[in-house]
>>> print(open('upload.txt').read())   # compact mmCIF, C-alpha atoms (C1' of nucleotides)
# COMPACT_ATOMS: atom_id res chain seq x y z
CA MET A 1 19.94 -4.04 4.33
CA ARG A 2 18.51 -3.22 0.94
CA LEU A 3 16.33 -0.34 -0.13
CA LEU A 4 13.71 -0.96 -2.79
CA PRO A 5 13.29 1.49 -5.69
CA HIS A 6 11.33 4.60 -4.72
CA PRO A 7 10.53 7.90 -6.41
CA SER A 8 12.69 10.75 -5.18
CA THR A 9 10.90 13.38 -3.12
CA GLU A 10 10.69 15.88 -5.97
CA ASN A 11 9.24 13.24 -8.24
CA ILE A 12 6.31 12.43 -5.99
CA GLN A 13 3.18 13.38 -7.92
CA LEU A 14 0.11 14.76 -6.22
CA THR A 15 -2.40 12.84 -8.30
CA GLU A 16 -0.55 9.58 -7.70
CA VAL A 17 -0.52 10.14 -3.97
CA LEU A 18 -4.22 10.96 -3.95
CA ARG A 19 -4.92 7.91 -6.04
CA ALA A 20 -2.88 5.68 -3.77
CA LEU A 21 -4.78 6.97 -0.75
CA SER A 22 -8.17 6.62 -2.40
CA ASP A 23 -8.36 2.86 -1.96
CA PRO A 24 -9.82 1.72 1.39
CA VAL A 25 -7.33 -1.10 1.82
CA ARG A 26 -4.36 1.14 1.15
CA LEU A 27 -5.74 3.89 3.34
CA GLU A 28 -6.05 1.39 6.17
CA ILE A 29 -2.43 0.37 5.70
CA VAL A 30 -1.40 4.03 5.85
CA ILE A 31 -3.44 4.53 9.01
CA ARG A 32 -1.68 1.61 10.65
CA LEU A 33 1.72 2.90 9.63
CA ALA A 34 0.83 6.32 11.02
CA ALA A 35 -0.18 4.80 14.33
CA ALA A 36 2.56 2.23 14.77
CA GLY A 37 5.47 3.54 12.73
CA GLU A 38 7.67 1.11 10.87
CA MET A 39 6.23 -2.37 10.49
CA THR A 40 6.66 -5.46 8.38
CA CYS A 41 4.36 -6.19 5.47
CA THR A 42 2.89 -9.13 7.35
CA VAL A 43 1.91 -6.97 10.30
CA ALA A 44 0.67 -4.11 8.15
CA GLY A 45 -1.42 -6.48 6.08
CA ASP A 46 -2.87 -8.53 8.93
CA ASP A 47 -6.67 -8.86 8.90
CA LEU A 48 -7.13 -6.60 5.92
CA GLY A 49 -9.57 -9.06 4.41
CA VAL A 50 -7.59 -9.54 1.23
CA HIS A 51 -5.22 -12.19 0.00
CA LYS A 52 -1.56 -11.65 0.79
CA SER A 53 -0.75 -11.23 -2.88
CA THR A 54 -3.38 -8.52 -3.13
CA ALA A 55 -1.85 -6.81 -0.14
CA SER A 56 1.53 -7.11 -1.81
CA HIS A 57 0.22 -5.24 -4.84
CA HIS A 58 -1.02 -2.50 -2.55
CA TYR A 59 2.41 -2.23 -0.91
CA ARG A 60 3.90 -1.68 -4.31
CA THR A 61 1.32 0.93 -5.25
CA LEU A 62 2.02 2.85 -2.05
CA ARG A 63 5.76 2.60 -2.58
CA GLU A 64 5.66 3.66 -6.22
CA ALA A 65 3.42 6.61 -5.37
CA GLY A 66 5.99 7.76 -2.84
CA VAL A 67 3.77 7.26 0.19
CA VAL A 68 5.81 4.59 1.93
CA LEU A 69 9.44 3.62 2.15
CA THR A 70 10.31 -0.06 2.07
CA LYS A 71 13.55 -1.60 3.15
CA GLN A 72 14.47 -5.21 3.34
CA GLU A 73 16.30 -6.79 6.23
CA GLY A 74 16.82 -10.48 5.95
CA ARG A 75 13.58 -11.98 4.82
CA LEU A 76 11.49 -9.19 6.29
CA LYS A 77 10.43 -6.01 4.56
CA TYR A 78 9.81 -2.99 6.70
CA MET A 79 7.47 -0.26 5.55
CA SER A 80 7.19 3.24 6.94
CA LEU A 81 5.38 6.41 5.95
CA ARG A 82 7.47 9.00 4.12
CA ARG A 83 6.11 11.68 6.43
CA ASP A 84 8.89 14.23 6.02
CA ASP A 85 9.08 13.81 2.27
CA LEU A 86 5.34 14.18 1.89
CA GLU A 87 5.25 17.15 4.26
CA SER A 88 7.93 18.98 2.34
CA ARG A 89 6.33 18.22 -0.98
CA PHE A 90 2.66 18.67 -0.04
CA PRO A 91 2.46 20.51 3.29
CA GLY A 92 -0.43 19.45 5.48
CA LEU A 93 -1.78 16.89 3.06
CA LEU A 94 -0.99 13.69 4.89
CA ASP A 95 -2.04 15.14 8.23
CA ALA A 96 -5.34 16.25 6.77
CA VAL A 97 -5.97 12.81 5.32
CA LEU A 98 -5.08 11.08 8.57
CA THR A 99 -7.24 13.46 10.59
CA ALA A 100 -10.10 12.80 8.22
CA ALA A 101 -9.58 9.05 8.29
CA LEU A 102 -9.09 8.53 11.99
CA PRO A 103 -11.96 8.44 14.44
CA LEU A 104 -11.81 11.34 16.86
CA PRO A 105 -9.84 10.27 19.96
CA ALA A 106 -12.03 9.68 22.99
CA GLY A 107 -12.16 12.75 25.20
CA ALA A 108 -11.49 15.14 22.36
CA HIS A 109 -13.76 18.13 22.50
CA ALA A 110 -15.14 19.77 19.42
CA MET B 1 -33.31 27.35 -10.35
CA ARG B 2 -32.83 23.65 -9.84
CA LEU B 3 -30.32 21.83 -7.71
CA LEU B 4 -28.93 18.54 -8.94
CA PRO B 5 -28.69 15.55 -6.59
CA HIS B 6 -25.71 15.72 -4.25
CA PRO B 7 -24.52 13.70 -1.27
CA SER B 8 -25.26 15.35 2.05
CA THR B 9 -22.25 16.67 3.92
CA GLU B 10 -22.16 13.78 6.39
CA ASN B 11 -22.31 11.30 3.52
CA ILE B 12 -19.23 12.61 1.78
CA GLN B 13 -16.67 9.79 1.85
CA LEU B 14 -12.97 10.45 2.17
CA THR B 15 -11.89 7.81 -0.31
CA GLU B 16 -14.35 9.09 -2.90
CA VAL B 17 -13.11 12.64 -2.53
CA LEU B 18 -9.50 11.50 -2.84
CA ARG B 19 -10.38 9.45 -5.87
CA ALA B 20 -12.23 12.34 -7.48
CA LEU B 21 -9.22 14.60 -6.95
CA SER B 22 -6.74 12.03 -8.23
CA ASP B 23 -7.55 12.57 -11.90
CA PRO B 24 -5.57 15.39 -13.56
CA VAL B 25 -8.54 16.68 -15.53
CA ARG B 26 -10.78 16.81 -12.48
CA LEU B 27 -8.04 18.36 -10.38
CA GLU B 28 -7.66 21.09 -12.97
CA ILE B 29 -11.39 21.78 -12.83
CA VAL B 30 -11.19 22.04 -9.05
CA ILE B 31 -8.24 24.43 -9.33
CA ARG B 32 -10.23 26.66 -11.66
CA LEU B 33 -13.22 26.63 -9.36
CA ALA B 34 -10.99 27.52 -6.43
CA ALA B 35 -9.53 30.46 -8.33
CA ALA B 36 -12.65 31.82 -9.97
CA GLY B 37 -15.50 30.66 -7.76
CA GLU B 38 -18.76 29.65 -9.35
CA MET B 39 -18.59 29.05 -13.08
CA THR B 40 -20.52 27.29 -15.81
CA CYS B 41 -19.52 23.87 -17.06
CA THR B 42 -18.49 25.37 -20.38
CA VAL B 43 -16.08 27.78 -18.75
CA ALA B 44 -14.78 25.20 -16.29
CA GLY B 45 -14.22 22.74 -19.09
CA ASP B 46 -12.66 25.10 -21.61
CA ASP B 47 -9.34 23.94 -23.06
CA LEU B 48 -9.14 20.87 -20.90
CA GLY B 49 -8.12 18.81 -23.90
CA VAL B 50 -10.98 16.37 -23.59
CA HIS B 51 -14.30 15.99 -25.40
CA LYS B 52 -17.22 17.79 -23.84
CA SER B 53 -18.92 14.50 -23.01
CA THR B 54 -15.80 13.40 -21.18
CA ALA B 55 -15.82 16.65 -19.25
CA SER B 56 -19.47 16.08 -18.44
CA HIS B 57 -18.63 12.73 -16.87
CA HIS B 58 -15.99 14.42 -14.76
CA TYR B 59 -18.52 17.01 -13.58
CA ARG B 60 -20.72 14.20 -12.44
CA THR B 61 -17.88 12.41 -10.69
CA LEU B 62 -17.00 15.56 -8.80
CA ARG B 63 -20.62 16.18 -7.89
CA GLU B 64 -21.29 12.63 -6.75
CA ALA B 65 -18.14 12.61 -4.65
CA GLY B 66 -19.38 15.74 -2.90
CA VAL B 67 -16.61 17.99 -4.17
CA VAL B 68 -18.73 20.41 -6.18
CA LEU B 69 -22.24 21.75 -6.05
CA THR B 70 -24.13 22.12 -9.28
CA LYS B 71 -27.20 24.20 -9.85
CA GLN B 72 -29.05 24.80 -13.03
CA GLU B 73 -30.30 28.20 -14.13
CA GLY B 74 -31.94 28.27 -17.48
CA ARG B 75 -29.76 26.32 -19.81
CA LEU B 76 -26.62 26.95 -17.83
CA LYS B 77 -25.24 24.83 -15.03
CA TYR B 78 -23.15 26.53 -12.43
CA MET B 79 -20.58 24.60 -10.47
CA SER B 80 -18.89 25.67 -7.29
CA LEU B 81 -16.59 24.03 -4.76
CA ARG B 82 -18.26 22.77 -1.58
CA ARG B 83 -15.55 24.44 0.46
CA ASP B 84 -17.45 24.76 3.73
CA ASP B 85 -18.87 21.26 3.55
CA LEU B 86 -15.47 19.77 2.81
CA GLU B 87 -13.81 21.87 5.49
CA SER B 88 -16.27 20.75 8.15
CA ARG B 89 -16.03 17.12 7.08
CA PHE B 90 -12.29 16.91 6.37
CA PRO B 91 -10.57 19.94 7.90
CA GLY B 92 -7.60 21.22 5.95
CA LEU B 93 -7.85 18.63 3.22
CA LEU B 94 -8.98 20.77 0.31
CA ASP B 95 -6.61 23.59 1.23
CA ALA B 96 -3.71 21.15 1.37
CA VAL B 97 -4.60 19.75 -2.02
CA LEU B 98 -4.94 23.19 -3.55
CA THR B 99 -1.69 24.37 -2.02
CA ALA B 100 0.00 21.29 -3.39
CA ALA B 101 -1.54 21.69 -6.81
CA LEU B 102 -1.03 25.40 -7.32
CA PRO B 103 2.28 26.88 -8.35
CA LEU B 104 3.71 29.12 -5.67
CA PRO B 105 2.55 32.72 -6.33
CA ALA B 106 5.27 34.98 -7.70
CA GLY B 107 6.98 36.87 -4.92
CA ALA B 108 6.19 34.29 -2.29
CA HIS B 109 9.18 33.62 -0.13
CA ALA B 110 9.94 30.20 1.25
C1' DC C 1 19.92 -30.34 2.76
C1' DC C 2 15.30 -29.77 4.23
C1' DT C 3 11.67 -27.03 5.94
C1' DA C 4 9.32 -22.99 7.41
C1' DT C 5 8.63 -18.05 6.82
C1' DA C 6 8.01 -13.65 4.15
C1' DG C 7 6.72 -11.72 0.40
C1' DT C 8 6.49 -11.29 -4.95
C1' DT C 9 5.10 -12.63 -9.52
C1' DG C 10 2.10 -14.19 -13.18
C1' DG C 11 -2.30 -15.74 -14.81
C1' DA C 12 -7.15 -15.30 -14.86
C1' DT C 13 -11.22 -12.72 -14.20
C1' DA C 14 -14.67 -9.43 -13.20
C1' DG C 15 -15.48 -4.77 -12.72
C1' DT C 16 -14.23 0.09 -13.32
C1' DT C 17 -12.44 4.10 -15.81
C1' DG C 18 -11.33 7.64 -19.28
C1' DT C 19 -12.11 8.61 -23.71
C1' DC C 20 -14.56 9.80 -28.15
C1' DA C 21 -18.48 10.11 -31.22
C1' DA C 22 -23.11 10.56 -32.14
C1' DA C 23 -27.53 11.31 -30.69
C1' DC C 24 -30.37 13.51 -27.55
C1' DA C 25 -32.79 17.06 -24.30
C1' DA C 26 -33.73 21.45 -22.67
C1' DT C 27 -33.62 26.18 -22.77
C1' DA C 28 -33.10 30.67 -25.14
C1' DA C 29 -33.31 33.64 -28.94
C1' DA C 30 -34.58 35.03 -33.60
C1' DT D 1 -41.22 27.54 -35.29
C1' DT D 2 -36.63 27.32 -36.38
C1' DT D 3 -32.02 27.69 -34.86
C1' DA D 4 -28.26 28.04 -31.65
C1' DT D 5 -26.40 26.99 -27.14
C1' DT D 6 -25.48 24.06 -23.17
C1' DG D 7 -24.79 20.07 -21.41
C1' DT D 8 -26.16 14.90 -20.81
C1' DT D 9 -26.71 10.21 -22.30
C1' DT D 10 -25.61 6.08 -24.66
C1' DG D 11 -22.58 2.98 -26.91
C1' DA D 12 -18.16 1.35 -27.93
C1' DC D 13 -13.58 0.38 -26.70
C1' DA D 14 -9.05 0.13 -24.74
C1' DA D 15 -6.70 0.50 -20.50
C1' DC D 16 -6.46 -0.09 -15.93
C1' DT D 17 -7.69 -2.21 -11.16
C1' DA D 18 -8.67 -5.23 -7.38
C1' DT D 19 -8.92 -9.65 -6.45
C1' DC D 20 -7.75 -14.67 -5.87
C1' DC D 21 -4.95 -18.67 -6.64
C1' DA D 22 -0.86 -21.08 -7.58
C1' DA D 23 3.80 -21.04 -8.22
C1' DC D 24 7.88 -18.95 -7.25
C1' DT D 25 12.13 -16.59 -4.77
C1' DA D 26 14.82 -15.68 -0.97
C1' DT D 27 16.24 -15.92 3.57
C1' DA D 28 16.53 -18.24 8.18
C1' DG D 29 16.91 -22.14 11.06
C1' DG D 30 17.28 -27.15 12.11
>>> encode(input="upload.txt", output="structure tokens")
Amino acid sequence: MRLLPHPSTENIQLTEVLRALSDPVRLEIVIRLAAAGEMTCTVAGDDLGVHKSTASHHYRTLREAGVVLTKQEGRLKYMSLRRDDLESRFPGLLDAVLTAALPLPAGAHA
Amino acid sequence: MRLLPHPSTENIQLTEVLRALSDPVRLEIVIRLAAAGEMTCTVAGDDLGVHKSTASHHYRTLREAGVVLTKQEGRLKYMSLRRDDLESRFPGLLDAVLTAALPLPAGAHA
DNA sequence: CCTATAGTTGGATAGTTGTCAAACAATAAA
DNA sequence: TTTATTGTTTGACAACTATCCAACTATAGG
């Protein structure tokens, strides 16, 4: 099992995180990771409407911004949200973005 | 007093807000507005290290993203954060960004 | 070894962005 | 009316971005 290069928690920059999340394709990937937890690039990038190489660039952007953690096992690469790291660095930020991005669950009352 | 064109609250888009906030110069402007409330463009843009025309473009970006409200009085333009609009549209988002962007106040205990 | 799978890399391209400089517009004040 | 102030617009330009396609790498399985 190999870990790809990532920024350390204290080196995650706010503007880079915001920028990473500001692209609709990347935001969708983050939403999927939030809902399903760890998943391979293929699954995360399924039906995104972009070429696989484009998706690959987005994976890298998310990883380099410190939003996701990527580890390789065999020929698969697993991505997951760095929830704890982001929460400790920027409390409430990821939750606020996910709340804003997700449709309100059915049955939720205002 | 004239109001410049702004997106309505329900038309504020998450990705556009995130993108607007992802530039260091614009984030600094937002931080100043959060600290001092309404202020003129000149004051908001003082010592940003960019040309005034560059700052002007950033004002427009913030306005068009729905982050700030701009009204003209005489030859001055006053900008203010659309805190309530952003809070109702994306609860907790602006606060999380400001908390992340601001240095911890002296005397605050972890 | 051969083939399929998973994902990255590099090239090309079209569009966007941040920046400055210079000119402009609009209001206020002398 | 003339001048100063406030901010925008336009043009230019370099840098960056999102995208696709084709080629590539690496691992797994026959």
>>> calpha_fit_and_write(input="upload.txt", fixed="chain A", moving="chain B", output="CSV table (one decimal) with C-alpha atoms, in the coordinates of the input")
chain,number,residue,atom,x,y,z
B,1,MET,CA,19.9,-4.0,4.4
B,2,ARG,CA,18.5,-3.2,1.0
B,3,LEU,CA,16.3,-0.4,-0.1
B,4,LEU,CA,13.7,-1.0,-2.8
B,5,PRO,CA,13.3,1.5,-5.7
B,6,HIS,CA,11.3,4.6,-4.7
B,7,PRO,CA,10.5,7.9,-6.4
B,8,SER,CA,12.7,10.7,-5.2
B,9,THR,CA,10.9,13.4,-3.2
B,10,GLU,CA,10.7,15.9,-6.0
B,11,ASN,CA,9.2,13.2,-8.3
B,12,ILE,CA,6.3,12.4,-6.0
B,13,GLN,CA,3.2,13.4,-8.0
B,14,LEU,CA,0.1,14.7,-6.2
B,15,THR,CA,-2.4,12.8,-8.3
B,16,GLU,CA,-0.6,9.6,-7.7
B,17,VAL,CA,-0.5,10.1,-4.0
B,18,LEU,CA,-4.2,11.0,-4.0
B,19,ARG,CA,-4.9,7.9,-6.0
B,20,ALA,CA,-2.9,5.7,-3.8
B,21,LEU,CA,-4.8,7.0,-0.7
B,22,SER,CA,-8.2,6.6,-2.4
B,23,ASP,CA,-8.4,2.8,-1.9
B,24,PRO,CA,-9.8,1.7,1.4
B,25,VAL,CA,-7.3,-1.1,1.8
B,26,ARG,CA,-4.3,1.1,1.2
B,27,LEU,CA,-5.7,3.9,3.4
B,28,GLU,CA,-6.0,1.4,6.2
B,29,ILE,CA,-2.4,0.4,5.7
B,30,VAL,CA,-1.4,4.0,5.9
B,31,ILE,CA,-3.4,4.5,9.0
B,32,ARG,CA,-1.7,1.6,10.7
B,33,LEU,CA,1.7,2.9,9.6
B,34,ALA,CA,0.8,6.3,11.0
B,35,ALA,CA,-0.2,4.8,14.4
B,36,ALA,CA,2.6,2.3,14.8
B,37,GLY,CA,5.5,3.6,12.7
B,38,GLU,CA,7.7,1.1,10.9
B,39,MET,CA,6.2,-2.3,10.5
B,40,THR,CA,6.6,-5.4,8.4
B,41,CYS,CA,4.3,-6.2,5.5
B,42,THR,CA,2.9,-9.1,7.4
B,43,VAL,CA,1.9,-6.9,10.3
B,44,ALA,CA,0.7,-4.1,8.1
B,45,GLY,CA,-1.4,-6.5,6.1
B,46,ASP,CA,-2.9,-8.5,8.9
B,47,ASP,CA,-6.7,-8.9,8.9
B,48,LEU,CA,-7.1,-6.6,5.9
B,49,GLY,CA,-9.6,-9.1,4.4
B,50,VAL,CA,-7.6,-9.5,1.2
B,51,HIS,CA,-5.2,-12.2,-0.1
B,52,LYS,CA,-1.6,-11.7,0.7
B,53,SER,CA,-0.8,-11.2,-3.0
B,54,THR,CA,-3.4,-8.5,-3.2
B,55,ALA,CA,-1.8,-6.8,-0.2
B,56,SER,CA,1.6,-7.1,-1.9
B,57,HIS,CA,0.3,-5.2,-4.9
B,58,HIS,CA,-1.0,-2.5,-2.6
B,59,TYR,CA,2.4,-2.2,-0.9
B,60,ARG,CA,3.9,-1.7,-4.3
B,61,THR,CA,1.3,0.9,-5.2
B,62,LEU,CA,2.0,2.8,-2.1
B,63,ARG,CA,5.8,2.6,-2.6
B,64,GLU,CA,5.7,3.7,-6.2
B,65,ALA,CA,3.4,6.6,-5.4
B,66,GLY,CA,6.0,7.8,-2.9
B,67,VAL,CA,3.8,7.3,0.2
B,68,VAL,CA,5.8,4.6,1.9
B,69,LEU,CA,9.4,3.6,2.1
B,70,THR,CA,10.3,0.0,2.1
B,71,LYS,CA,13.5,-1.6,3.2
B,72,GLN,CA,14.5,-5.2,3.3
B,73,GLU,CA,16.3,-6.8,6.3
B,74,GLY,CA,16.8,-10.5,6.0
B,75,ARG,CA,13.5,-11.9,4.9
B,76,LEU,CA,11.5,-9.2,6.3
B,77,LYS,CA,10.4,-6.0,4.6
B,78,TYR,CA,9.8,-3.0,6.7
B,79,MET,CA,7.5,-0.2,5.6
B,80,SER,CA,7.2,3.3,6.9
B,81,LEU,CA,5.4,6.4,5.9
B,82,ARG,CA,7.5,9.0,4.1
B,83,ARG,CA,6.1,11.7,6.4
B,84,ASP,CA,8.9,14.2,6.0
B,85,ASP,CA,9.1,13.8,2.2
B,86,LEU,CA,5.3,14.2,1.9
B,87,GLU,CA,5.3,17.1,4.2
B,88,SER,CA,8.0,19.0,2.3
B,89,ARG,CA,6.3,18.2,-1.0
B,90,PHE,CA,2.7,18.7,-0.1
B,91,PRO,CA,2.5,20.5,3.3
B,92,GLY,CA,-0.4,19.4,5.5
B,93,LEU,CA,-1.8,16.9,3.0
B,94,LEU,CA,-1.0,13.7,4.9
B,95,ASP,CA,-2.0,15.1,8.2
B,96,ALA,CA,-5.3,16.2,6.8
B,97,VAL,CA,-6.0,12.8,5.3
B,98,LEU,CA,-5.1,11.1,8.6
B,99,THR,CA,-7.2,13.5,10.6
B,100,ALA,CA,-10.1,12.8,8.2
B,101,ALA,CA,-9.6,9.1,8.3
B,102,LEU,CA,-9.1,8.5,12.0
B,103,PRO,CA,-12.0,8.5,14.5
B,104,LEU,CA,-11.8,11.4,16.9
B,105,PRO,CA,-9.9,10.2,20.0
B,106,ALA,CA,-12.1,9.6,23.0
B,107,GLY,CA,-12.2,12.7,25.2
B,108,ALA,CA,-11.5,15.1,22.4
B,109,HIS,CA,-13.8,18.1,22.6
B,110,ALA,CA,-15.1,19.8,19.5
>>> closest_atom_pairs(input="upload.txt", of="chain D", to="chain B", cutoff="9 Å", atoms="only C-alpha atoms (C1' of nucleotides)", output="tab-separated table")
residue	atom	partner	partner_atom	distance
D:DT5	C1'	B:Arg75	CA	8.1
D:DT6	C1'	B:Arg75	CA	5.9
D:DG7	C1'	B:Ser56	CA	7.3
D:DT8	C1'	B:Ser56	CA	7.2
D:DT9	C1'	B:Ser53	CA	8.9
>>> interface_residues(input="upload.txt", of="chain C", to="chain A", cutoff="9 Å", atoms="only C-alpha atoms (C1' of nucleotides)", output="NGL selection string")
:C and (5-9)
>>> residues_near_point(input="upload.txt", point="(-7.2, -0.6, -24.1)", cutoff="12 Å", atoms="all atoms listed in the file", output="ChimeraX atom specification")
/C:17-19 /D:12-16
>>> residues_around(input="upload.txt", residues="C:DC20", least_positions_apart="5", cutoff="9 Å", atoms="all atoms listed in the file", output="mmCIF file with C-alpha atoms, keeping the file's coordinate frame")
data_model
loop_
_atom_site.group_PDB
_atom_site.id
_atom_site.type_symbol
_atom_site.label_atom_id
_atom_site.label_comp_id
_atom_site.auth_asym_id
_atom_site.auth_seq_id
_atom_site.Cartn_x
_atom_site.Cartn_y
_atom_site.Cartn_z
ATOM 1 C CA VAL B 50 -10.980 16.370 -23.590
ATOM 2 C CA HIS B 51 -14.300 15.990 -25.400
ATOM 3 C CA SER B 53 -18.920 14.500 -23.010
ATOM 4 C CA THR B 54 -15.800 13.400 -21.180
#
>>> closest_residue(input="upload.txt", among="A:Pro103, A:Gly92, A:Gly37, A:Pro7", to="chain B", atoms="all atoms listed in the file")
A:Gly92
>>> atom_distance(input="upload.txt", atom1="atom CA of A:Ile12", atom2="atom CA of A:Asp84")
12.4 Å
>>> atom_distance(input="upload.txt", atom1="atom CA of B:Ser8", atom2="atom CA of B:Ser22")
21.4 Å
>>> axis_aligned_box(input="upload.txt", around="stretch 17-30 of chain A", padding_each_side="5 Å", output="AutoDock Vina command-line options")
--center_x -5.2 --center_y 4.9 --center_z 0.1 --size_x 19.3 --size_y 22.1 --size_z 22.2
